[in-house]
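J.: Provided herewith: final_9.csv, CSV, C-alpha atoms.
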chain,number,residue,atom,x,y,z
D,12,MET,CA,122.5,36.9,115.8
D,13,PRO,CA,123.5,38.8,118.9
D,14,LEU,CA,120.8,39.9,121.4
D,15,SER,CA,120.1,43.6,121.6
D,16,TYR,CA,120.1,45.4,125.0
D,17,VAL,CA,117.0,47.6,125.4
D,18,PRO,CA,117.5,50.1,128.3
D,19,SER,CA,114.7,50.5,130.7
D,20,PRO,CA,112.7,53.8,130.3
D,21,ILE,CA,112.0,53.7,134.1
D,22,GLU,CA,114.5,55.6,136.2
D,23,PHE,CA,115.5,54.0,139.5
D,24,ASP,CA,117.5,55.0,142.6
D,25,PHE,CA,120.6,52.9,143.5
D,26,ASP,CA,123.3,53.1,146.1
D,27,ILE,CA,126.1,50.8,144.6
D,28,VAL,CA,127.1,49.5,141.2
D,29,TYR,CA,129.0,46.2,141.1
D,30,SER,CA,130.8,45.5,137.8
D,31,ALA,CA,132.2,42.3,136.3
D,32,ILE,CA,134.5,43.2,133.4
D,33,THR,CA,137.1,41.4,131.3
D,34,ASN,CA,140.6,42.9,131.1
D,35,LEU,CA,142.8,42.7,128.0
D,36,SER,CA,144.1,39.3,128.8
D,37,GLY,CA,140.6,37.9,129.2
D,38,ARG,CA,140.5,37.6,132.9
D,39,MET,CA,137.5,38.8,134.9
D,40,GLN,CA,137.9,41.7,137.3
D,41,TYR,CA,135.3,42.8,139.8
D,42,TYR,CA,134.6,46.3,141.1
D,43,LYS,CA,132.3,48.2,143.5
D,44,SER,CA,131.3,51.8,142.8
D,45,LEU,CA,129.4,53.9,145.4
D,46,LYS,CA,127.3,56.6,143.9
D,47,GLY,CA,129.6,59.6,143.2
D,48,LYS,CA,132.8,57.9,144.3
D,49,SER,CA,135.6,56.1,142.3
D,50,ARG,CA,135.4,52.4,141.9
D,51,LEU,CA,137.2,49.9,144.1
D,52,ARG,CA,138.4,46.5,143.1
D,53,ILE,CA,136.7,43.6,144.9
D,54,SER,CA,137.2,39.8,145.0
D,55,LYS,CA,135.3,37.3,143.0
D,56,ASN,CA,133.8,35.8,146.2
D,57,GLU,CA,132.5,39.2,147.3
D,58,PHE,CA,130.9,39.8,143.8
D,59,ALA,CA,129.3,36.3,143.9
D,60,ARG,CA,128.0,37.0,147.4
D,61,ILE,CA,126.5,40.3,146.3
D,62,TYR,CA,125.0,38.7,143.2
D,63,ASN,CA,123.4,35.8,145.2
D,64,HIS,CA,122.2,37.7,148.3
D,65,SER,CA,121.5,41.4,147.5
D,66,LYS,CA,118.4,43.2,146.4
D,67,ILE,CA,119.3,43.7,142.8
D,68,ILE,CA,117.4,46.5,141.0
D,69,ALA,CA,118.9,46.1,137.5
D,70,VAL,CA,121.5,44.2,135.6
D,71,LYS,CA,123.1,46.0,132.6
D,72,PRO,CA,125.1,43.9,130.1
D,73,ILE,CA,128.3,45.6,128.9
D,74,GLN,CA,128.7,45.1,125.2
D,75,GLU,CA,131.9,45.9,123.4
D,76,GLU,CA,132.3,46.0,119.7
D,77,GLY,CA,134.1,42.9,118.3
D,78,GLU,CA,134.2,41.0,121.6
D,79,ASN,CA,132.5,37.6,121.5
D,80,GLY,CA,132.1,35.2,124.3
D,81,TYR,CA,132.8,37.5,127.2
D,82,ILE,CA,130.1,38.1,129.8
D,83,GLN,CA,130.4,41.5,131.3
D,84,MET,CA,127.8,43.3,133.4
D,85,ASP,CA,126.9,46.1,135.9
D,86,ILE,CA,124.6,45.2,138.8
D,87,TYR,CA,122.7,48.0,140.5
D,88,VAL,CA,121.9,47.5,144.1
D,89,LYS,CA,119.8,49.7,146.4
D,90,GLU,CA,121.1,48.3,149.7
D,91,PHE,CA,123.4,45.6,150.8
D,92,GLU,CA,122.0,43.0,153.2
D,93,VAL,CA,123.7,39.6,153.9
Would you mind giving the structure from this file in structure tokens?
T.:
Amino acid sequence: MPLSYVPSPIEFDFDIVYSAITNLSGRMQYYKSLKGKSRLRISKNEFARIYNHSKIIAVKPIQEEGENGYIQMDIYVKEFEV
């Protein structure tokens, strides 16, 4: 049975959203989106550094109908400090 995602009822302020998504061929792609701006593609190393060293406010899983086995997520960050 798949786990259900329950959104937080608490609103929060964030500066940047980092995304890890799967393209049609199954490869991971990583993006950075500043609030109110279009997203920019980033490297896997940059995404890993953000994930390991930033002040993460929230992690939102991205669920797509019929896709099994792919881990996709958005990471909300207030400020970047490394």
J.: Given the choices D:Tyr29, D:Tyr62, D:Tyr81, D:Phe23, which gets closest to Leu45 of chain D if the distance is worked out from all atoms listed in the file?
T.: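 Among the listed residues, D:Tyr29 lies closest to Leu45 of chain D.
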J.: Atom CA of Ile21 of chain D and atom CA of Thr33 of chain D, how far apart in Å?
T.: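 If I compute the distance from atom CA of Thr33 of chain D to atom CA of Ile21 of chain D, I get 28.1 Å.
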J.: Using all atoms listed in the file, can you tell me which of D:Asp24, D:Ile82, D:Ile61, D:Pro72 comes closest to Tyr42 of chain D?
T.: D:Ile61
J.: Neighbours of Ser30 of chain D within 9 Å (all atoms listed in the file; same-chain residues fewer than 3 positions away dropped), as number ranges by chain?
T.: D: 40-44, 58, 83-87
J.: Using all atoms listed in the file, which of the listed residues (D:Ile53, D:Ile27, D:Val88, D:Ile68) sits closest to Met39 of chain D?
T.: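 Using all atoms listed in the file, the shortest distance to Met39 of chain D belongs to D:Ile53.
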J.: Report, in Å to a single decimal, how far apart atom CA of Gly37 of chain D and atom CA of Val70 of chain D are.
T.: 21.1 Å
J.: Measure the distance from atom CA of Gly47 of chain D to atom CA of Asp26 of chain D in Å and round it to one decimal.
T.: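 These atoms are spaced 9.5 Å apart.
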J.: Taking into account all atoms listed in the file, which residue in the set D:Arg52, D:Arg38, D:Pro20, D:Val28 is nearest to Ser65 of chain D?
T.: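 The answer is D:Val28, which sits nearest to Ser65 of chain D.
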J.: Nearest residue to Lys66 of chain D out of D:Ile32, D:Lys89, D:Ser54, D:Ser49, using all atoms listed in the file?
T.: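 Nearest candidate to Lys66 of chain D out of D:Ile32, D:Lys89, D:Ser54, D:Ser49: D:Lys89.
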J.: Around all of segment 48-52 of chain D's listed atoms, make the axis-aligned box with 4 Å on each side and tell me centre and edge lengths in Å to one decimal, as JSON.
T.:
{"center_x": 135.6, "center_y": 52.2, "center_z": 143.1, "size_x": 13.6, "size_y": 19.4, "size_z": 10.4}
